[in-house]
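Data block for data22.tsv (TSV, C-alpha atoms):
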```tsv
chain	number	residue	atom	x	y	z
Q	1	MET	CA	0.00	0.00	0.00
Q	2	LEU	CA	1.24	3.47	-0.84
Q	3	ASP	CA	1.83	6.04	1.84
Q	4	GLN	CA	-0.66	8.90	1.35
Q	5	ARG	CA	2.14	11.42	0.72
Q	6	MET	CA	3.62	9.19	-1.97
Q	7	GLN	CA	0.21	8.62	-3.55
Q	8	ASP	CA	-0.40	12.37	-3.64
Q	9	ALA	CA	3.04	13.00	-5.13
Q	10	LEU	CA	2.55	10.31	-7.79
Q	11	ASN	CA	-0.85	11.79	-8.68
Q	12	GLY	CA	0.91	15.14	-9.05
Q	13	GLN	CA	3.41	13.51	-11.38
Q	14	ILE	CA	0.63	12.00	-13.47
Q	15	ASN	CA	-0.71	15.53	-13.91
Q	16	ALA	CA	2.79	16.80	-14.79
Q	17	GLU	CA	3.19	14.06	-17.40
Q	18	LEU	CA	-0.21	14.87	-18.89
Q	19	TYR	CA	0.87	18.52	-19.08
Q	20	SER	CA	4.06	17.39	-20.83
Q	21	ALA	CA	2.01	15.50	-23.40
Q	22	TYR	CA	-0.24	18.53	-23.86
Q	23	LEU	CA	2.79	20.82	-24.30
Q	24	TYR	CA	4.36	18.60	-26.95
Q	25	LEU	CA	1.06	18.26	-28.79
Q	26	SER	CA	0.84	22.06	-28.84
Q	27	MET	CA	4.36	22.25	-30.27
Q	28	SER	CA	3.43	19.61	-32.85
Q	29	ALA	CA	0.52	21.81	-33.92
Q	30	GLN	CA	2.77	24.83	-34.38
Q	31	PHE	CA	5.28	22.82	-36.42
Q	32	ALA	CA	2.36	21.70	-38.62
Q	33	GLU	CA	1.34	25.34	-39.09
Q	34	LEU	CA	4.94	26.19	-40.06
Q	35	GLY	CA	4.94	23.44	-42.68
Q	36	MET	CA	7.67	21.53	-40.85
Q	37	ALA	CA	6.39	17.95	-41.01
Q	38	GLY	CA	9.57	16.66	-39.38
Q	39	GLY	CA	9.20	18.92	-36.35
Q	40	GLN	CA	5.53	18.01	-36.18
Q	41	ASN	CA	6.47	14.32	-36.20
Q	42	TRP	CA	9.22	14.71	-33.57
Q	43	MET	CA	6.89	16.50	-31.17
Q	44	HIS	CA	4.10	14.00	-31.81
Q	45	VAL	CA	6.46	11.15	-30.94
Q	46	GLN	CA	7.34	13.06	-27.77
Q	47	PHE	CA	3.61	13.40	-27.04
Q	48	GLN	CA	3.23	9.62	-27.37
Q	49	GLU	CA	6.17	9.01	-25.04
Q	50	GLU	CA	4.62	11.28	-22.41
Q	51	LEU	CA	1.33	9.39	-22.64
Q	52	PHE	CA	3.28	6.18	-22.02
Q	53	HIS	CA	4.79	7.79	-18.91
Q	54	VAL	CA	1.29	8.74	-17.72
Q	55	GLN	CA	0.10	5.17	-18.15
Q	56	LYS	CA	3.16	3.75	-16.40
Q	57	PHE	CA	2.63	5.97	-13.34
Q	58	PHE	CA	-1.13	5.30	-13.42
Q	59	ASP	CA	-0.63	1.53	-13.52
Q	60	TYR	CA	1.92	1.69	-10.70
Q	61	VAL	CA	-0.40	3.61	-8.38
Q	62	VAL	CA	-3.21	1.13	-9.07
Q	63	GLU	CA	-0.90	-1.87	-8.65
Q	64	ARG	CA	0.17	-0.58	-5.24
Q	65	GLY	CA	-3.44	-0.25	-4.11
Q	66	GLY	CA	-3.55	3.51	-4.45
Q	67	ARG	CA	-6.15	5.73	-6.04
Q	68	VAL	CA	-5.47	7.80	-9.10
Q	69	LEU	CA	-7.02	11.25	-8.87
Q	70	LEU	CA	-6.92	13.27	-12.07
Q	71	THR	CA	-6.90	17.05	-11.82
Q	72	ALA	CA	-7.09	19.86	-14.36
Q	73	ILE	CA	-4.17	20.18	-16.75
Q	74	ALA	CA	-2.65	23.63	-17.14
Q	75	GLU	CA	-2.89	25.25	-20.55
Q	76	PRO	CA	0.41	24.96	-22.44
Q	77	ASP	CA	2.07	27.70	-24.45
Q	78	GLN	CA	0.79	27.83	-28.00
Q	79	ASN	CA	3.13	30.17	-29.86
Q	80	TRP	CA	6.89	30.22	-30.28
Q	81	PRO	CA	8.89	32.52	-32.53
Q	82	THR	CA	11.13	29.78	-33.95
Q	83	ALA	CA	11.75	26.05	-34.05
Q	84	LEU	CA	14.78	26.71	-31.84
Q	85	ALA	CA	12.57	28.42	-29.24
Q	86	MET	CA	10.33	25.34	-29.14
Q	87	PHE	CA	13.25	23.01	-28.56
Q	88	GLU	CA	14.78	25.34	-25.97
Q	89	GLN	CA	11.49	25.22	-24.08
Q	90	ALA	CA	11.35	21.44	-24.52
Q	91	LEU	CA	14.84	21.16	-22.98
Q	92	ALA	CA	13.93	23.47	-20.09
Q	93	HIS	CA	10.76	21.48	-19.55
Q	94	GLU	CA	12.65	18.17	-19.46
Q	95	ASN	CA	15.06	19.66	-16.93
Q	96	LYS	CA	12.05	20.57	-14.79
Q	97	VAL	CA	10.58	17.07	-15.11
Q	98	THR	CA	13.93	15.61	-14.05
Q	99	GLY	CA	13.68	17.69	-10.88
Q	100	LEU	CA	10.17	16.39	-10.26
Q	101	ILE	CA	11.28	12.78	-10.70
Q	102	ASN	CA	14.26	13.35	-8.41
Q	103	ALA	CA	11.94	14.81	-5.77
Q	104	LEU	CA	9.78	11.68	-6.00
Q	105	ALA	CA	12.89	9.55	-5.49
Q	106	ASP	CA	13.86	11.68	-2.48
Q	107	LEU	CA	10.39	11.18	-1.00
Q	108	ALA	CA	10.57	7.43	-1.62
Q	109	LEU	CA	13.91	7.36	0.21
Q	110	GLU	CA	12.50	9.39	3.09
Q	111	LEU	CA	9.51	7.03	3.37
Q	112	ARG	CA	11.72	3.96	2.92
Q	113	ASP	CA	9.42	3.01	0.03
Q	114	HIS	CA	11.84	0.78	-1.84
Q	115	ALA	CA	9.25	-0.47	-4.33
Q	116	THR	CA	8.49	3.06	-5.52
Q	117	LEU	CA	12.18	3.91	-5.58
Q	118	GLN	CA	12.75	0.88	-7.82
Q	119	GLU	CA	9.93	1.98	-10.13
Q	120	LEU	CA	11.39	5.48	-10.32
Q	121	GLN	CA	14.77	4.17	-11.48
Q	122	TRP	CA	13.29	3.63	-14.94
Q	123	PHE	CA	12.09	7.24	-15.05
Q	124	ILE	CA	15.45	8.54	-13.81
Q	125	GLY	CA	17.18	6.79	-16.71
Q	126	GLU	CA	14.49	7.96	-19.11
Q	127	GLN	CA	15.07	11.58	-18.10
Q	128	VAL	CA	18.76	11.33	-18.95
Q	129	GLU	CA	17.71	10.31	-22.46
Q	130	GLU	CA	14.97	12.96	-22.67
Q	131	GLU	CA	17.35	15.77	-21.74
Q	132	ALA	CA	20.10	14.54	-24.07
Q	133	THR	CA	17.73	14.25	-27.04
Q	134	ALA	CA	16.30	17.75	-26.57
Q	135	ASP	CA	19.76	19.21	-25.96
Q	136	ASP	CA	21.04	17.61	-29.18
Q	137	MET	CA	18.29	19.29	-31.18
Q	138	VAL	CA	18.90	22.67	-29.52
Q	139	LYS	CA	22.58	22.46	-30.45
Q	140	LYS	CA	21.81	21.53	-34.05
Q	141	LEU	CA	19.23	24.29	-34.44
Q	142	ARG	CA	21.65	26.84	-33.02
Q	143	LEU	CA	24.23	25.75	-35.61
Q	144	VAL	CA	21.89	26.47	-38.51
Q	145	GLN	CA	20.41	29.77	-37.32
Q	146	GLY	CA	19.89	31.96	-40.36
Q	147	ALA	CA	20.47	29.06	-42.77
Q	148	PRO	CA	17.12	27.86	-44.18
Q	149	GLY	CA	18.82	24.98	-45.97
Q	150	GLY	CA	20.16	23.75	-42.66
Q	151	LEU	CA	16.73	24.00	-41.08
Q	152	TYR	CA	15.34	21.99	-44.01
Q	153	GLU	CA	17.93	19.26	-43.38
Q	154	ILE	CA	17.17	19.17	-39.65
Q	155	ASP	CA	13.45	18.90	-40.41
Q	156	LYS	CA	14.21	15.82	-42.51
Q	157	GLU	CA	16.11	14.35	-39.54
Q	158	LEU	CA	13.18	15.14	-37.22
Q	159	ALA	CA	10.85	13.32	-39.63
Q	160	ALA	CA	12.80	10.08	-39.15
Q	161	ARG	CA	11.96	9.74	-35.45
Q	162	VAL	CA	9.63	6.84	-34.70
Q	163	TYR	CA	7.76	6.06	-31.50
Q	164	THR	CA	8.70	2.66	-30.16
Q	165	PRO	CA	7.00	1.73	-26.89
Q	166	PRO	CA	9.45	0.33	-24.33
Q	167	LEU	CA	9.32	-3.41	-23.84
Q	168	PRO	CA	7.76	-4.59	-20.59
Q	169	PRO	CA	10.25	-5.86	-18.03
Q	170	ALA	CA	11.02	-9.57	-18.10
Q	171	LYS	CA	9.19	-11.46	-15.38
```
What does this structure look like when you write it as structure tokens?
Amino acid sequence: MLDQRMQDALNGQINAELYSAYLYLSMSAQFAELGMAGGQNWMHVQFQEELFHVQKFFDYVVERGGRVLLTAIAEPDQNWPTALAMFEQALAHENKVTGLINALADLALELRDHATLQELQWFIGEQVEEEATADDMVKKLRLVQGAPGGLYEIDKELAARVYTPPLPPAK
């Protein structure tokens, strides 16, 4: 059974992950408006990953006998001046999510909730990847500032990203 503080914190994280999905879907919409199908695809894949995170947290709370309580999702930004600005916000957002995951791990340690700490290890590793991927795109977009041909090439790279759901752990 989950401690009430941990259940509340995990429900907060479910909301944060839903916001993340909402944010990336908003970015996908702006890339579509800009005619950048690659950027639209990249952000849509990110949206799908965030929904997977939501489901993983949801399932964990239920499995531990807790109750999932869904609350209102904050409205995401809807306009960015450039593709670079979107990816800079994505990177800043992933840094924030890393802090939230780390705070959950700290709470699990405080509560001596080893099962939740074990579950969070997957998310800790995932955040390393999330930050690195967003940072890579920020660096590439900064390199091609003012070079439309470079932006075109990056958009082709963004189009190649495919969502692959993680495999369930071996039992």
**Study point:** Who sits within 8 Å of segment 22-36 of chain Q, only C-alpha atoms, same chain under 2 positions skipped, as a ChimeraX atom specification
**Key:** /Q:18-20,38-44,46-47,75-80,83,86,90,155
Check your understanding: Expressed in Å to a single decimal, how great is the separation between atom CA of Ile124 of chain Q and atom CA of Val138 of chain Q?
Key ->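 Going from atom CA of Ile124 of chain Q over to atom CA of Val138 of chain Q covers 21.4 Å.
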Exercise for review: Check the smallest atom-to-atom distance from each of Q:Phe52, Q:Phe87, Q:Phe123, Q:Phe57 to Lys140 of chain Q using only C-alpha atoms, then report the winner.
Suggested key: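 For Lys140 of chain Q, the nearest of the given residues is Q:Phe87.
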Practice item. Could you tell me how far atom CA of Asp59 of chain Q lies from atom CA of Gln89 of chain Q, in Å and to one decimal? Key: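 Computed distance, atom CA of Asp59 of chain Q to atom CA of Gln89 of chain Q, equals 28.6 Å.
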Exercise for review: Do a neighbour search on Ala132 of chain Q at 12 Å with all atoms listed in the file, toss out local chain neighbours closer than 6 positions, and write the hits as a list in words.
Suggested key: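 With the cut-off at 12 Å, the set is Phe87, Ala90, Leu91, Ala92, Glu94, Asn95, Thr98, Gly125, Glu126, Val138 and Lys139 of chain Q.
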Review point. When distances are computed from only C-alpha atoms, which of Q:Leu70, Q:Ile14, Q:Glu50, Q:Asp113 shows the smallest separation from Met1 of chain Q?
Key: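 Looking at the shortest contact to Met1 of chain Q, the residue is Q:Asp113.
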Practice item. Give me, please, the distance in Å between atom CA of His93 of chain Q and atom CA of Leu109 of chain Q, quoted to one decimal. Key: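 That distance, rounded to one decimal, is 24.5 Å.
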Check your understanding: Which is closest to Leu10 of chain Q among Q:Tyr152, Q:Trp122, Q:Tyr60, Q:Tyr163, if we use all atoms listed in the file?
Key ->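 Among the listed residues, the smallest separation from Leu10 of chain Q belongs to Q:Tyr60.
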Exercise for review: Between Q:Val62, Q:Val97, Q:Val68, Q:Met6, single out the one closest to Glu131 of chain Q, counting all atoms listed in the file.
Suggested key: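 Under the stated criterion, the closest residue is Q:Val97.
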**Study point:** Shortest interatomic distance to Glu153 of chain Q - which of Q:Glu17, Q:Leu100, Q:Asp3, Q:Leu141, counting only C-alpha atoms
**Key:** Q:Leu141
